[in-house]
>>> print(open('final27.cif').read())   # mmCIF, C-alpha atoms
data_entry
loop_
_atom_site.label_atom_id
_atom_site.label_comp_id
_atom_site.auth_asym_id
_atom_site.auth_seq_id
_atom_site.Cartn_x
_atom_site.Cartn_y
_atom_site.Cartn_z
CA MET O 1 0.00 0.00 0.00
CA LEU O 2 2.86 2.34 0.89
CA VAL O 3 4.51 1.56 -2.47
CA MET O 4 1.28 2.49 -4.29
CA ILE O 5 1.07 5.78 -2.39
CA SER O 6 4.74 6.44 -3.16
CA ASN O 7 4.22 5.75 -6.87
CA ARG O 8 1.15 8.01 -6.94
CA ALA O 9 3.16 10.76 -5.25
CA LYS O 10 5.94 10.41 -7.83
CA ILE O 11 3.46 10.49 -10.72
CA ALA O 12 1.82 13.62 -9.27
CA ALA O 13 5.23 15.23 -8.74
CA SER O 14 6.19 14.41 -12.33
CA LEU O 15 3.01 16.08 -13.57
CA TYR O 16 3.76 19.16 -11.43
CA ALA O 17 7.29 19.34 -12.87
CA THR O 18 6.04 18.88 -16.45
CA MET O 19 3.49 21.69 -16.09
CA SER O 20 6.07 24.01 -14.50
CA ILE O 21 8.58 23.45 -17.27
CA SER O 22 5.91 23.85 -19.96
CA PHE O 23 4.76 27.18 -18.47
CA TRP O 24 8.36 28.41 -18.21
CA GLY O 25 9.05 27.36 -21.79
CA ILE O 26 6.01 29.24 -23.10
CA SER O 27 6.91 32.26 -20.93
CA PHE O 28 9.66 33.30 -23.37
CA VAL O 29 7.04 33.55 -26.11
CA SER O 30 4.55 35.50 -23.96
CA THR O 31 7.29 37.88 -22.80
CA LYS O 32 8.46 38.44 -26.39
CA ALA O 33 4.83 39.08 -27.45
CA VAL O 34 4.40 42.12 -25.16
CA LEU O 35 7.90 43.64 -25.29
CA ASP O 36 6.93 45.70 -28.35
CA LYS O 37 4.52 47.66 -26.14
CA LEU O 38 6.11 47.48 -22.65
CA ASP O 39 9.65 47.99 -21.40
CA PRO O 40 11.05 45.01 -19.41
CA TYR O 41 10.57 46.66 -16.01
CA THR O 42 6.91 47.58 -16.58
CA LEU O 43 6.25 44.08 -17.85
CA LEU O 44 7.82 42.55 -14.72
CA VAL O 45 5.94 44.85 -12.32
CA ILE O 46 2.60 43.83 -13.84
CA ARG O 47 3.64 40.17 -13.97
CA PHE O 48 4.85 40.05 -10.35
CA GLY O 49 1.83 42.04 -9.18
CA ILE O 50 -0.64 39.65 -10.83
CA GLY O 51 1.32 36.66 -9.54
CA ALA O 52 1.48 37.95 -5.95
CA LEU O 53 -2.25 38.79 -5.95
CA PHE O 54 -3.17 35.35 -7.33
CA LEU O 55 -0.98 33.55 -4.77
CA CYS O 56 -2.32 35.71 -1.93
CA LEU O 57 -5.88 34.69 -2.85
CA LEU O 58 -4.83 31.03 -2.87
CA LEU O 59 -3.23 31.40 0.57
CA LEU O 60 -6.38 33.03 1.95
CA LEU O 61 -8.59 30.31 0.46
CA THR O 62 -6.41 27.53 1.88
CA ARG O 63 -5.95 29.43 5.18
CA SER O 64 -2.21 28.92 5.01
CA PRO O 65 -0.07 30.68 7.66
CA LEU O 66 1.81 33.69 6.28
CA LYS O 67 4.22 34.11 9.18
CA ILE O 68 7.92 33.61 8.36
CA PRO O 69 10.39 32.55 11.10
CA LEU O 70 12.75 35.51 11.61
CA PRO O 71 16.01 33.59 10.91
CA TYR O 72 14.75 32.64 7.43
CA ILE O 73 13.80 36.13 6.23
CA PRO O 74 17.34 36.89 4.92
CA HIS O 75 17.33 33.51 3.09
CA LEU O 76 14.04 34.35 1.43
CA ILE O 77 15.26 37.81 0.40
CA VAL O 78 18.45 36.40 -1.16
CA LEU O 79 16.53 33.71 -3.06
CA GLY O 80 13.91 36.23 -4.20
CA ILE O 81 16.49 38.71 -5.50
CA ILE O 82 18.56 36.10 -7.33
CA GLY O 83 15.91 33.62 -8.47
CA VAL O 84 13.13 36.05 -9.33
CA PHE O 85 14.20 39.70 -9.65
CA VAL O 86 17.64 39.42 -11.33
CA HIS O 87 16.75 36.28 -13.28
CA GLN O 88 13.61 37.72 -14.85
CA ILE O 89 15.17 41.11 -15.65
CA LEU O 90 18.05 39.41 -17.49
CA GLN O 91 15.66 37.25 -19.52
CA ALA O 92 13.18 40.01 -20.36
CA THR O 93 15.98 42.35 -21.48
CA ALA O 94 17.61 39.57 -23.52
CA LEU O 95 14.35 38.92 -25.39
CA LEU O 96 14.42 42.46 -26.77
CA THR O 97 17.09 41.36 -29.26
CA ILE O 98 16.93 37.55 -29.62
CA HIS O 99 14.31 35.00 -30.69
CA ALA O 100 12.21 33.28 -28.05
CA SER O 101 13.21 29.87 -29.48
CA ASP O 102 16.93 30.67 -29.09
CA ALA O 103 16.29 31.73 -25.49
CA GLY O 104 14.62 28.37 -24.87
CA TRP O 105 17.64 26.46 -26.15
CA LEU O 106 20.11 28.55 -24.14
CA ILE O 107 18.27 28.18 -20.83
CA SER O 108 18.79 24.41 -21.03
CA PHE O 109 22.54 25.11 -20.56
CA SER O 110 21.89 26.05 -16.92
CA PRO O 111 22.59 22.57 -15.43
CA VAL O 112 26.13 22.76 -16.85
CA PHE O 113 26.79 25.92 -14.80
CA THR O 114 25.31 24.13 -11.77
CA VAL O 115 27.83 21.29 -12.20
CA ILE O 116 30.74 23.73 -12.66
CA LEU O 117 29.75 25.59 -9.47
CA SER O 118 29.44 22.27 -7.65
CA MET O 119 32.94 21.30 -8.75
CA ILE O 120 34.31 24.63 -7.50
CA PHE O 121 32.41 25.00 -4.22
CA LEU O 122 31.32 21.43 -3.37
CA HIS O 123 34.52 19.76 -4.67
CA GLU O 124 32.73 17.34 -6.96
CA LYS O 125 35.18 15.43 -9.17
CA ILE O 126 35.72 16.07 -12.87
CA THR O 127 35.54 12.97 -15.05
CA LEU O 128 36.30 12.49 -18.74
CA PRO O 129 32.60 11.96 -19.76
CA ARG O 130 31.58 15.00 -17.69
CA ALA O 131 34.30 17.16 -19.29
CA ALA O 132 33.20 15.91 -22.73
CA GLY O 133 29.59 16.79 -21.89
CA ILE O 134 30.54 20.32 -20.82
CA MET O 135 32.55 20.90 -24.02
CA LEU O 136 29.73 19.48 -26.15
CA ALA O 137 27.17 21.77 -24.46
CA VAL O 138 29.47 24.80 -24.95
CA PHE O 139 29.78 23.91 -28.63
CA GLY O 140 25.97 23.77 -28.86
CA VAL O 141 25.72 27.23 -27.28
CA LEU O 142 28.20 28.57 -29.84
CA LEU O 143 26.08 27.12 -32.66
CA VAL O 144 22.89 28.75 -31.35
CA THR O 145 24.47 32.14 -30.67
CA THR O 146 26.45 32.41 -33.93
CA SER O 147 23.88 30.99 -36.37
CA GLY O 148 22.63 34.50 -37.16
CA ASN O 149 20.63 34.21 -40.38
CA GLY O 150 20.33 30.45 -39.98
CA GLN O 151 22.39 29.71 -43.07
CA SER O 152 26.00 30.36 -42.10
CA LEU O 153 27.98 30.66 -38.92
CA HIS O 154 29.41 34.06 -38.11
CA PHE O 155 30.46 35.75 -34.91
CA ALA O 156 28.35 38.74 -33.96
CA LEU O 157 28.28 39.88 -30.35
CA ASN O 158 24.60 40.21 -29.47
CA ILE O 159 23.96 41.55 -25.97
CA GLY O 160 20.77 39.48 -25.84
CA TYR O 161 22.70 36.21 -26.05
CA VAL O 162 25.16 37.43 -23.40
CA LEU O 163 22.31 38.35 -21.02
CA MET O 164 20.57 35.02 -21.66
CA ILE O 165 23.74 33.07 -20.82
CA LEU O 166 24.16 35.21 -17.68
CA SER O 167 20.60 34.28 -16.71
CA THR O 168 21.50 30.58 -16.95
CA LEU O 169 24.49 31.20 -14.66
CA ASN O 170 22.22 33.16 -12.32
CA TRP O 171 19.73 30.25 -12.20
CA ALA O 172 22.56 27.83 -11.41
CA VAL O 173 23.60 30.02 -8.47
CA TYR O 174 19.96 30.11 -7.33
CA SER O 175 19.68 26.30 -7.58
CA VAL O 176 22.80 25.78 -5.45
CA LEU O 177 21.59 28.31 -2.86
CA LEU O 178 18.11 26.73 -2.80
CA LYS O 179 19.73 23.48 -1.67
CA ARG O 180 21.87 25.22 0.95
CA LEU O 181 19.29 27.69 2.32
CA ARG O 182 16.46 25.34 3.21
CA ILE O 183 13.35 27.25 4.30
CA PRO O 184 10.88 25.13 6.35
CA LEU O 185 7.75 26.63 4.80
CA PRO O 186 5.14 25.33 2.31
CA SER O 187 6.15 25.93 -1.32
CA LEU O 188 3.05 28.08 -1.88
CA VAL O 189 4.06 30.49 0.91
CA ILE O 190 7.66 30.73 -0.36
CA THR O 191 6.45 31.36 -3.92
CA PHE O 192 4.10 34.13 -2.74
CA TYR O 193 6.83 36.02 -0.89
CA MET O 194 9.27 35.67 -3.79
CA SER O 195 6.70 37.07 -6.23
CA LEU O 196 5.83 39.87 -3.78
CA LEU O 197 9.52 40.72 -3.42
CA GLY O 198 9.88 40.90 -7.20
CA PHE O 199 6.92 43.30 -7.35
CA VAL O 200 8.30 45.54 -4.56
CA LEU O 201 11.79 45.70 -6.15
CA THR O 202 10.55 46.60 -9.64
CA LEU O 203 7.74 49.01 -8.61
CA PRO O 204 10.05 52.04 -8.00
CA ILE O 205 11.42 51.68 -11.56
CA LEU O 206 7.89 51.69 -12.99
CA ILE O 207 7.04 54.83 -10.98
CA LYS O 208 10.20 56.60 -12.15
CA LYS O 209 9.59 55.68 -15.81
CA GLU O 210 5.80 56.26 -15.59
CA GLY O 211 5.33 52.81 -17.05
CA TRP O 212 1.58 52.83 -16.48
CA VAL O 213 1.23 55.11 -19.53
CA GLN O 214 2.19 52.15 -21.74
CA LEU O 215 -0.66 49.98 -20.44
CA SER O 216 -3.34 51.83 -22.40
CA SER O 217 -1.86 50.64 -25.70
CA LEU O 218 -2.16 46.93 -24.86
CA THR O 219 -4.60 44.77 -26.82
CA SER O 220 -6.74 42.01 -25.29
CA VAL O 221 -4.30 39.40 -26.64
CA GLU O 222 -1.35 41.16 -24.96
CA TRP O 223 -3.28 41.36 -21.68
CA ALA O 224 -3.91 37.61 -22.00
CA HIS O 225 -0.14 37.08 -22.29
CA LEU O 226 0.39 39.21 -19.16
CA LEU O 227 -2.23 37.26 -17.20
CA PHE O 228 -0.57 34.02 -18.29
CA LEU O 229 2.84 35.32 -17.15
CA GLY O 230 1.48 36.50 -13.82
CA ILE O 231 -0.80 33.60 -12.88
CA PHE O 232 0.76 30.56 -14.52
CA VAL O 233 4.46 31.50 -14.78
CA SER O 234 5.17 33.64 -11.71
CA GLY O 235 2.54 31.86 -9.62
CA VAL O 236 1.62 28.30 -10.55
CA ALA O 237 4.96 27.28 -12.16
CA TYR O 238 7.15 28.25 -9.17
CA TRP O 239 4.59 26.72 -6.78
CA TYR O 240 4.36 23.43 -8.70
CA TRP O 241 8.16 23.27 -9.07
CA GLY O 242 8.44 23.49 -5.27
CA LYS O 243 5.80 20.76 -4.88
CA ALA O 244 7.71 18.53 -7.33
CA HIS O 245 10.91 19.00 -5.30
CA GLU O 246 9.08 17.86 -2.15
CA VAL O 247 8.88 14.36 -3.68
CA LEU O 248 11.53 14.12 -6.42
CA GLU O 249 15.27 14.33 -5.88
CA ALA O 250 17.04 17.24 -7.56
CA SER O 251 18.61 14.93 -10.17
CA GLN O 252 15.17 13.49 -11.03
CA ALA O 253 13.57 16.94 -11.32
CA SER O 254 16.41 18.24 -13.51
CA VAL O 255 15.47 15.73 -16.23
CA PHE O 256 12.26 17.70 -16.88
CA MET O 257 14.37 20.76 -17.83
CA TYR O 258 14.95 19.11 -21.21
CA LEU O 259 11.29 19.72 -22.07
CA GLU O 260 11.59 23.52 -21.70
CA PRO O 261 13.18 24.35 -25.09
CA VAL O 262 10.68 22.02 -26.79
CA ALA O 263 7.76 23.93 -25.22
CA THR O 264 9.37 27.23 -26.26
CA LEU O 265 9.97 26.04 -29.81
CA ILE O 266 6.38 24.86 -30.33
CA ALA O 267 4.91 28.04 -28.80
CA ALA O 268 7.24 30.29 -30.86
CA ILE O 269 6.14 28.62 -34.09
CA PHE O 270 2.40 28.81 -33.40
CA LEU O 271 2.12 32.08 -31.43
CA LEU O 272 4.92 34.25 -32.86
CA GLN O 273 5.37 32.62 -36.28
CA GLU O 274 9.12 32.67 -35.69
CA ARG O 275 11.36 31.23 -38.38
CA ILE O 276 13.11 28.20 -36.93
CA PHE O 277 16.60 27.63 -38.34
CA LEU O 278 17.94 24.09 -38.58
CA ILE O 279 21.36 25.11 -37.28
CA SER O 280 19.79 26.57 -34.10
CA VAL O 281 17.81 23.35 -33.53
CA LEU O 282 21.02 21.34 -34.09
CA GLY O 283 22.83 23.53 -31.56
CA GLY O 284 20.00 23.08 -29.07
CA ILE O 285 20.04 19.29 -29.45
CA ILE O 286 23.81 19.28 -28.91
CA ILE O 287 23.36 21.36 -25.72
CA ILE O 288 20.83 18.86 -24.37
CA ILE O 289 23.06 15.85 -25.22
CA GLY O 290 25.95 17.56 -23.42
CA VAL O 291 23.78 18.31 -20.39
CA VAL O 292 22.53 14.68 -20.30
CA LEU O 293 26.16 13.50 -20.24
CA VAL O 294 27.04 15.91 -17.44
CA ASN O 295 23.98 15.05 -15.33
CA ALA O 296 24.42 11.29 -15.85
CA GLN O 297 27.96 11.50 -14.51
CA ARG O 298 26.84 13.70 -11.64
CA SER O 299 24.19 11.16 -10.62
CA LEU O 300 26.85 8.42 -10.55
CA VAL O 301 29.04 10.56 -8.27
CA LEU O 302 26.15 11.36 -5.91
CA GLN O 303 25.17 7.70 -5.64
CA ASN O 304 28.62 6.88 -4.24
CA VAL O 305 29.06 9.62 -1.66
CA PRO O 306 29.34 8.42 1.98
CA TRP O 307 26.09 9.93 3.31
CA ARG O 308 24.01 8.01 0.76
CA LYS O 309 25.56 4.70 1.86
CA ARG O 310 24.45 5.25 5.45
CA LYS O 311 20.76 5.26 4.49
#
>>> encode(input="final27.cif", output="structure tokens")
Amino acid sequence: MLVMISNRAKIAASLYATMSISFWGISFVSTKAVLDKLDPYTLLVIRFGIGALFLCLLLLLTRSPLKIPLPYIPHLIVLGIIGVFVHQILQATALLTIHASDAGWLISFSPVFTVILSMIFLHEKITLPRAAGIMLAVFGVLLVTTSGNGQSLHFALNIGYVLMILSTLNWAVYSVLLKRLRIPLPSLVITFYMSLLGFVLTLPILIKKEGWVQLSSLTSVEWAHLLFLGIFVSGVAYWYWGKAHEVLEASQASVFMYLEPVATLIAAIFLLQERIFLISVLGGIIIIIGVVLVNAQRSLVLQNVPWRKRK
């Protein structure tokens, strides 16, 4: 009976992770769709505001406690700034100059940065397959970022690609900190405070730039994209990702990251009518193969560390 309950919990967690990744993948397309009318900061204020309001209503309906233990407030602020505020600003600004589909491929590089940070700070060992995986993923990134017109490779420094790669590094830092700074609160409560923090940090920029003036030019379709970003991306996706991590190990959850560029690619084709270049898809596939190699080796290392043998 316990095995059945465990299997049901894993299936539910897998569904949570799949929905989170799908929402995050589509988020690049929705963000790109409204950046013609809104600057990145105004977009993020509205998105965080909608997300925080939605999550607050959920907390009230479920009568969840909102009190945070004092020692964990600094942890929550650090995670909110890195994982929400900085991360989203980098991505929104990057999408001003690059395709949503390219952003989706590049974000899948994030686990490689996580492994590199783990080798530096957690002293994980470098192996030949892991090194090969890292080099393969880097080669895939070079293909995506230098494909340009989709027909020939050429080097052209595009700030959008640089910012997108920085956002993958930023997410890797957030992932490592999330493991270190464990906050004993329900995932819904943590997600609410992180979204609220993002709203508070970006609101002064909106006031200074008078960003509300831009809202009058939005169409109903663009408002639908904003509602999707606020409710499903800033709210539901972060909440469900936390729920998935309550059951799945980090290595198991990371496998679902491979679905994100696929969700972005499909949404970019149907919603933005983006031209998809074969060389960019090839680069993206190479990134994912490299990341699979790196993560497979990392799982083997983690299975042999002393604290796992004691269980």
>>> resolve_selection(input="final27.cif", expression="the PyMOL selection byres ((chain O and resi 226) around 9)", output="PyMOL selection string")
chain O and resi 30-31+34+43+46-47+50+221-225+227-231
>>> closest_residue(input="final27.cif", among="O:Ile98, O:Ile285, O:Ser195, O:Ile116", to="O:Gly160", atoms="all atoms listed in the file")
O:Ile98
>>> closest_residue(input="final27.cif", among="O:Ala92, O:Leu259, O:Ala172, O:Ile190", to="O:Gly25", atoms="only C-alpha atoms")
O:Leu259
>>> closest_residue(input="final27.cif", among="O:Leu136, O:Leu106, O:Leu197, O:Ile68", to="O:Gln91", atoms="all atoms listed in the file")
O:Leu106
>>> residues_around(input="final27.cif", residues="O:Ala137", least_positions_apart="5", cutoff="9 Å", atoms="only C-alpha atoms", output="PyMOL selection string")
chain O and resi 109+112+132+142+283-284+286-291
>>> atom_distance(input="final27.cif", atom1="atom CA of O:Ser234", atom2="atom CA of O:Ile107")
16.9 Å
